[in-house]
Every structure is written in C-alpha cells, then in structure tokens.
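Engineer: Structure file coords.cif, mmCIF, C-alpha atoms, is pasted below:
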data_entry
#
loop_
_atom_site.label_atom_id
_atom_site.label_comp_id
_atom_site.auth_asym_id
_atom_site.auth_seq_id
_atom_site.Cartn_x
_atom_site.Cartn_y
_atom_site.Cartn_z
CA MET A 1 41.83 56.72 159.47
CA SER A 2 44.08 59.74 159.35
CA ASN A 3 44.53 61.77 156.19
CA GLU A 4 48.05 62.87 155.42
CA ARG A 5 49.07 65.14 152.54
CA VAL A 6 52.28 64.60 150.59
CA GLN A 7 54.33 67.67 149.79
CA LEU A 8 54.04 68.41 146.07
CA GLU A 9 55.30 71.05 143.70
CA THR A 10 51.91 72.04 142.31
CA GLU A 11 48.50 72.84 143.69
CA PHE A 12 46.90 70.92 140.81
CA LEU A 13 48.05 67.47 141.94
CA ILE A 14 47.38 66.30 145.50
CA GLY A 15 48.86 63.30 147.27
CA GLU A 16 46.79 62.07 150.18
CA LYS A 17 47.34 59.05 152.42
CA VAL A 18 44.28 57.38 153.92
CA GLY A 19 45.21 54.27 155.89
CA ALA A 20 46.88 51.80 153.53
CA VAL A 21 45.81 53.75 150.42
CA GLY A 22 47.68 56.55 148.70
CA TYR A 23 45.44 58.84 146.64
CA VAL A 24 46.75 60.79 143.64
CA ILE A 25 44.12 63.47 143.05
CA PHE A 26 43.96 65.51 139.83
CA ASN A 27 42.83 68.85 141.18
CA ASN A 28 41.63 71.12 138.38
CA PRO A 29 37.83 70.78 138.79
CA GLU A 30 37.02 74.13 137.14
CA ARG A 31 38.34 72.60 133.89
CA HIS A 32 37.07 69.06 134.52
CA ASN A 33 40.50 68.12 135.90
CA ALA A 34 42.22 68.80 132.59
CA VAL A 35 45.91 67.99 132.98
CA LYS A 36 48.44 70.80 133.04
CA LEU A 37 52.13 70.37 132.29
CA ALA A 38 52.90 70.92 135.98
CA MET A 39 50.65 67.98 136.84
CA TRP A 40 52.49 65.64 134.48
CA ASP A 41 55.76 66.80 136.02
CA ALA A 42 54.47 66.17 139.57
CA ILE A 43 53.13 62.64 139.05
CA PRO A 44 56.52 60.92 139.54
CA THR A 45 57.06 62.84 142.80
CA VAL A 46 53.89 61.60 144.46
CA ILE A 47 54.18 58.05 143.08
CA GLU A 48 57.73 57.77 144.41
CA ALA A 49 56.64 59.11 147.82
CA PHE A 50 53.91 56.48 148.02
CA GLU A 51 56.27 53.72 146.88
CA ALA A 52 58.68 54.64 149.67
CA ASP A 53 55.94 54.45 152.33
CA ASP A 54 55.68 50.86 153.56
CA ASP A 55 52.26 51.56 155.09
CA ILE A 56 50.77 52.23 151.66
CA LYS A 57 49.69 49.04 149.89
CA VAL A 58 47.54 50.43 147.05
CA ILE A 59 47.60 53.66 145.03
CA VAL A 60 44.32 55.12 143.74
CA LEU A 61 44.19 57.83 141.07
CA LYS A 62 41.06 59.98 140.99
CA GLY A 63 39.75 63.37 139.94
CA ALA A 64 38.67 66.13 142.30
CA GLY A 65 34.93 66.75 142.46
CA GLU A 66 32.11 64.66 141.03
CA LYS A 67 32.15 65.52 137.32
CA SER A 68 35.40 64.21 135.90
CA PHE A 69 38.30 61.84 136.34
CA VAL A 70 40.50 63.66 133.85
CA SER A 71 39.04 65.34 130.77
CA GLY A 72 42.29 65.39 128.80
CA ALA A 73 45.03 67.96 128.44
CA ASP A 74 44.39 71.56 129.48
CA ILE A 75 44.18 73.13 126.02
CA SER A 76 44.11 76.62 127.55
CA GLU A 77 47.87 76.40 128.17
CA PHE A 78 48.79 74.96 124.75
CA GLU A 79 49.91 78.32 123.35
CA GLU A 80 52.42 78.45 126.16
CA VAL A 81 53.53 74.83 126.45
CA ARG A 82 52.81 73.21 123.04
CA SER A 83 53.12 75.92 120.42
CA THR A 84 56.51 74.92 118.95
CA PRO A 85 58.08 71.57 118.03
CA GLU A 86 60.49 71.93 120.94
CA SER A 87 57.88 72.79 123.55
CA THR A 88 55.56 70.10 122.20
CA LYS A 89 58.29 67.49 122.55
CA ASN A 90 58.97 68.67 126.10
CA TYR A 91 55.26 68.36 126.91
CA GLU A 92 54.98 64.90 125.35
CA ASN A 93 58.05 63.73 127.24
CA ALA A 94 56.53 64.96 130.51
CA ALA A 95 53.22 63.23 129.75
CA ASP A 96 54.96 60.00 128.75
CA GLY A 97 57.10 60.21 131.87
CA GLY A 98 54.06 60.62 134.10
CA MET A 99 52.19 57.71 132.54
CA LEU A 100 55.30 55.52 132.51
CA ARG A 101 55.83 56.21 136.21
CA ILE A 102 52.27 55.07 136.90
CA SER A 103 52.61 51.90 134.83
CA LYS A 104 56.02 51.07 136.35
CA CYS A 105 54.85 51.66 139.93
CA SER A 106 55.83 48.74 142.14
CA LYS A 107 52.51 48.88 144.01
CA PRO A 108 49.02 48.11 142.65
CA THR A 109 47.31 51.09 141.03
CA ILE A 110 43.59 51.69 140.58
CA ALA A 111 41.97 54.36 138.42
CA MET A 112 38.78 55.51 140.17
CA ILE A 113 36.78 57.03 137.32
CA ASN A 114 33.75 59.20 137.95
CA GLY A 115 32.65 61.29 134.99
CA TYR A 116 34.76 62.26 131.99
CA CYS A 117 37.79 60.11 131.18
CA ILE A 118 38.94 61.62 127.90
CA GLY A 119 42.20 61.81 125.96
CA GLY A 120 45.08 62.00 128.41
CA GLY A 121 42.65 60.92 131.11
CA ALA A 122 42.10 57.66 129.25
CA GLY A 123 45.87 57.34 128.94
CA ILE A 124 46.27 57.71 132.70
CA ALA A 125 43.52 55.17 133.34
CA VAL A 126 45.06 52.68 130.91
CA ALA A 127 48.42 53.07 132.68
CA CYS A 128 46.84 51.80 135.91
CA ASP A 129 46.52 48.13 136.82
CA ILE A 130 42.76 48.22 137.45
CA ARG A 131 40.03 50.62 136.30
CA MET A 132 36.80 51.07 138.28
CA ALA A 133 34.16 53.51 137.07
CA SER A 134 30.77 54.95 137.86
CA ASP A 135 27.98 54.28 135.38
CA LYS A 136 27.86 57.97 134.51
CA SER A 137 31.45 57.94 133.21
CA LYS A 138 32.25 58.85 129.62
CA PHE A 139 35.29 57.71 127.66
CA GLY A 140 37.00 58.77 124.46
CA ILE A 141 40.29 59.69 122.78
CA PRO A 142 39.74 62.67 120.44
CA ALA A 143 43.30 62.90 119.07
CA VAL A 144 42.10 62.81 115.43
CA LYS A 145 39.87 65.84 116.05
CA LEU A 146 42.87 67.87 117.18
CA GLY A 147 45.43 66.61 114.68
CA LEU A 148 47.61 65.27 117.48
CA GLY A 149 50.20 62.55 117.14
CA TYR A 150 49.75 59.74 119.67
CA ARG A 151 52.84 57.90 120.82
CA VAL A 152 53.19 54.15 120.44
CA ALA A 153 53.40 53.34 124.17
CA GLY A 154 49.91 54.71 124.81
CA ILE A 155 48.42 52.90 121.82
CA ALA A 156 50.15 49.67 122.81
CA LYS A 157 48.64 49.72 126.30
CA LEU A 158 45.17 50.35 124.88
CA VAL A 159 45.60 47.46 122.43
CA ASP A 160 46.63 45.21 125.34
CA LEU A 161 43.30 45.95 127.03
CA VAL A 162 40.75 46.11 124.21
CA GLY A 163 42.49 44.49 121.24
CA PRO A 164 43.44 46.01 117.87
CA SER A 165 39.92 46.36 116.46
CA PHE A 166 38.41 48.29 119.37
CA ALA A 167 41.59 50.38 119.69
CA LYS A 168 41.26 51.44 116.05
CA GLU A 169 37.57 52.22 116.49
CA ILE A 170 38.25 54.36 119.56
CA PHE A 171 40.94 56.35 117.74
CA TYR A 172 39.40 56.52 114.25
CA THR A 173 35.98 57.76 115.36
CA ALA A 174 37.02 59.85 118.39
CA ARG A 175 33.52 59.20 119.68
CA THR A 176 32.51 59.32 123.33
CA PHE A 177 31.14 56.10 124.82
CA ASP A 178 29.70 55.08 128.16
CA ALA A 179 30.84 52.77 130.96
CA GLN A 180 28.79 49.82 129.74
CA GLU A 181 30.55 49.90 126.38
CA ALA A 182 33.87 50.38 128.13
CA ILE A 183 33.40 47.24 130.22
CA THR A 184 32.23 45.26 127.17
CA MET A 185 35.42 46.28 125.35
CA GLY A 186 37.58 45.32 128.33
CA LEU A 187 38.68 48.90 128.96
CA ILE A 188 37.45 48.91 132.57
CA ASN A 189 37.08 46.21 135.22
CA ARG A 190 34.02 47.17 137.25
CA VAL A 191 31.05 49.56 137.07
CA PHE A 192 29.22 51.06 140.07
CA THR A 193 26.62 53.72 140.64
CA PRO A 194 28.25 57.05 141.54
CA GLU A 195 27.02 56.58 145.10
CA ASP A 196 28.66 53.14 145.40
CA LEU A 197 31.93 53.86 143.57
CA GLN A 198 33.97 54.86 146.62
CA ALA A 199 32.74 51.86 148.61
CA GLY A 200 33.59 49.57 145.70
CA VAL A 201 37.10 50.98 145.43
CA ASP A 202 37.53 50.79 149.22
CA ASP A 203 36.53 47.13 149.15
CA TYR A 204 39.08 46.29 146.48
CA CYS A 205 41.79 48.27 148.27
CA SER A 206 41.08 46.37 151.49
CA ARG A 207 41.23 43.03 149.68
CA ILE A 208 44.53 43.91 148.03
CA ALA A 209 46.09 45.46 151.15
CA GLU A 210 45.63 42.30 153.22
CA ASN A 211 47.45 40.11 150.68
CA ALA A 212 51.17 39.39 150.33
CA PRO A 213 52.92 42.40 148.71
CA MET A 214 55.78 40.36 147.24
CA THR A 215 53.41 37.96 145.51
CA ILE A 216 51.34 40.84 144.16
CA ASN A 217 54.45 42.58 142.85
CA SER A 218 55.76 39.37 141.29
CA VAL A 219 52.50 38.94 139.38
CA LYS A 220 52.60 42.59 138.29
CA GLN A 221 56.17 42.24 137.03
CA MET A 222 55.44 38.99 135.20
CA VAL A 223 52.37 40.46 133.48
CA ALA A 224 54.64 43.32 132.36
CA GLN A 225 57.11 40.76 131.00
CA ILE A 226 54.38 38.85 129.16
CA THR A 227 52.99 42.00 127.52
CA ARG A 228 56.30 43.74 126.83
CA LYS A 229 56.91 44.98 123.29
CA ASP A 230 60.66 45.62 123.52
CA GLY A 231 61.97 42.07 123.70
CA PRO A 232 61.36 38.49 124.79
CA ILE A 233 60.23 37.46 128.26
CA ASP A 234 63.10 37.39 130.76
CA PHE A 235 62.37 33.95 132.19
CA ASP A 236 65.33 34.07 134.58
CA TYR A 237 63.96 37.28 136.11
CA CYS A 238 60.49 35.76 136.40
CA GLU A 239 61.90 32.65 138.06
CA GLN A 240 63.81 34.81 140.53
CA LEU A 241 60.59 36.58 141.47
CA VAL A 242 59.03 33.21 142.28
CA ASP A 243 62.08 32.11 144.27
CA ASP A 244 62.02 35.36 146.26
CA CYS A 245 58.40 34.73 147.25
CA PHE A 246 59.14 31.20 148.47
CA ALA A 247 62.18 32.46 150.41
CA SER A 248 60.24 35.27 152.11
CA GLU A 249 59.01 35.70 155.66
CA ASP A 250 55.56 36.26 154.17
CA TYR A 251 55.51 32.72 152.77
CA VAL A 252 56.23 31.38 156.27
CA GLU A 253 53.50 33.64 157.69
CA GLY A 254 51.02 32.55 155.03
CA ARG A 255 51.55 28.85 155.74
CA THR A 256 51.46 29.38 159.50
CA ALA A 257 48.29 31.47 159.37
CA PHE A 258 46.58 28.86 157.19
CA MET A 259 47.42 26.09 159.67
CA GLU A 260 46.30 28.24 162.61
CA LYS A 261 43.08 29.21 160.81
CA ARG A 262 43.69 32.96 161.13
CA LYS A 263 44.26 35.87 158.77
CA PRO A 264 47.92 36.30 157.83
CA VAL A 265 49.76 39.50 158.65
CA PHE A 266 52.13 40.12 155.76
CA LYS A 267 55.12 42.46 155.97
CA GLY A 268 56.34 42.51 152.39
CA ARG A 269 59.57 40.70 153.11
#
The structure in this file should be written as structure tokens.
Structural biologist:
Amino acid sequence: MSNERVQLETEFLIGEKVGAVGYVIFNNPERHNAVKLAMWDAIPTVIEAFEADDDIKVIVLKGAGEKSFVSGADISEFEEVRSTPESTKNYENAADGGMLRISKCSKPTIAMINGYCIGGGAGIAVACDIRMASDKSKFGIPAVKLGLGYRVAGIAKLVDLVGPSFAKEIFYTARTFDAQEAITMGLINRVFTPEDLQAGVDDYCSRIAENAPMTINSVKQMVAQITRKDGPIDFDYCEQLVDDCFASEDYVEGRTAFMEKRKPVFKGR
C-alpha cells in the first residue's frame, strides 16, 4: 500500500493515507502528543480532505510514537493562548470545532489508543465512533485539578458512552484508570496488547472498508439522531436514509453478489 501525506497547515498534525484508511496523527511526541491550538485548528482540514477522497473508507486517529495517544492540552502554551477570557474562548471554540468535526465526519472514525489518553485526548477519543486501545493505555479527565470549565457537548458524549454515574466519577475524582476499567465502563470497544493493536485496528478497518458505505453512513446518522440532545428524532430524515440505501446501486450489487456467492464490490452510490 502506498502512503500519501495530506497537505496541512501545521507540523504537529499529520494526515496520511494508507490504502482505504486515512490516518490523523497527533505529532507532538516530546510532550506526549499534547494538543496545541494549531492542531485543533488543523483537524477540520484533514478530516475534510479524507471525506472528499472516495478511496478512503475509514479514518483512524492516533498519536505519534509508542507512549501516548493524546495526553491533553499543551499547557506550555496556555500563557499565550488561554491567559485571558477572550483567548480562552477562542481556544475552547477551536477545540470544540475540532471535536465536532470528528463526531460529524461522514465516514467511520476509530481512535487507536496506545498509552496516555487524558483530558482533551479523552475528548477526541469519545468523539470517534469506535475506540480501540492497548492494555498499557491510561485514561482520565483532570479538569477539576486545573479549575477548568468543561463544555456540555463533551460531557454529553461521555455520558452517552459510560452513563451518568461513571461520567461523574471520572470527572469528580480526576483519577487515572487503565484499559480494563475503561472497557468495563463502556468507554472503549476493544483491548489489545501493544504489539497486536495495529493488527487489530487493521482488521476492523478492512471489515468496515468492504461493507456498503451508504448503509454505514445511514446507521451513523441514525445513531446521531437517537442520541441527539437538541431536539426530537427527525424520523422523516431517517426514513429517507433507508430509502436511499434501497434505491442505491450498492443494494443491487449486494443482492447480486449474494446470489452469485461472491464478495460484493460497493461503490458508495
């Protein structure tokens, strides 16, 4: 498979295409991939580039190196980017915009977690559709230790995954917990050894990539409708998603492939 870089505005966020997978790589390993403001600003750019590429079927978010997924915000730049109410609001808007762009992505997203997944890193992971982690990973949200405010969208997504009680425990205590606890809570989907993590993610990407994109997207959109907090489910929209699937070329291909006892080749239309 060929590797292809996506042009980005910052050296700290890398977009890399490997076959049918688009990788978003948080590239600040000297600081355990702590997120800088420029990284938040760049996330929509790479996500949109991957969405526009029909060859990409799955988007994987990961940290550079072997020690961390994302260890939170880069506190070393706070005096510059979060020292006043105005700059803090600008930073929070950029962070919210980055996480919203991940959660609203039209393609399946997987957080590949190896090592620390703390604070904003947990927020990024929660914004993804699926979370897969190594058994050496550590999780936590230390907002209460820093006196930070945490916006409702991030808390809501955590509650959707782990429920109100675990969400309160995670925030109230700010403690760090391991992958086994994370999977028990429902925070992550799968746990692997560090050596097997990439193979596990590759396997899931392959499984997803060979399935019908329109059906996958319809499920993603309907889950978003079911879990939305800003209004009732739009049943007409959901029904249209179903109708679009049944009217698609992929539905014809799926039926034909089943009858011919072969793997379908879906085109997303």
Engineer: So the first atom is atom CA of A:Pro194 and the second is atom CA of A:Phe171; what is the distance between them in Å, to one decimal place?
Structural biologist: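 Between these atoms lies a distance of 27.0 Å.
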Engineer: Atom CA of A:Gly97 to atom CA of A:Ala42: how many Å, to one decimal?
Structural biologist: 10.1 Å
Engineer: What does the distance between atom CA of A:Glu195 and atom CA of A:Ser134 come to in Å, to one decimal place?
Structural biologist: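 These two atoms are separated by 8.3 Å.
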Engineer: Each residue of stretch 11-69 of chain A with at least one atom at most 10 Å from stretch 249-269 of chain A should appear once, together with its nearest atom pair and the corresponding distance in Å (one decimal); atoms considered: only C-alpha atoms; ordering: chain, then increasing residue number; output as a tab-separated table.
Structural biologist:
residue	atom	partner	partner_atom	distance
A:Asp54	CA	A:Gly268	CA	8.5
A:Asp55	CA	A:Lys267	CA	9.6
A:Lys57	CA	A:Gly268	CA	9.6
Engineer: (57.2, 48.3, 122.1) in this file's frame - what residues fall within 9 Å of it? Use all atoms listed in the file and give the answer as a PyMOL selection string.
Structural biologist: chain A and resi 152-153+156+228-231
Engineer: Using C-alpha atoms, can you write the selected residues to a file as a PDB file, in the coordinates of the input?
Structural biologist:
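Okay, this is what ended up in result19.pdb:
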ATOM      1  CA  VAL A 152      53.190  54.150 120.440  1.00  0.00           C
ATOM      2  CA  ALA A 153      53.400  53.340 124.170  1.00  0.00           C
ATOM      3  CA  ALA A 156      50.150  49.670 122.810  1.00  0.00           C
ATOM      4  CA  ARG A 228      56.300  43.740 126.830  1.00  0.00           C
ATOM      5  CA  LYS A 229      56.910  44.980 123.290  1.00  0.00           C
ATOM      6  CA  ASP A 230      60.660  45.620 123.520  1.00  0.00           C
ATOM      7  CA  GLY A 231      61.970  42.070 123.700  1.00  0.00           C
TER       8      GLY A 231
END
Engineer: Tell me, as a ChimeraX atom specification, which residues lie within 10 Å of stretch 76-87 of chain A, counting all atoms listed in the file; anything in the same chain fewer than 6 positions away does not count.
Structural biologist: /A:31,34-37,93
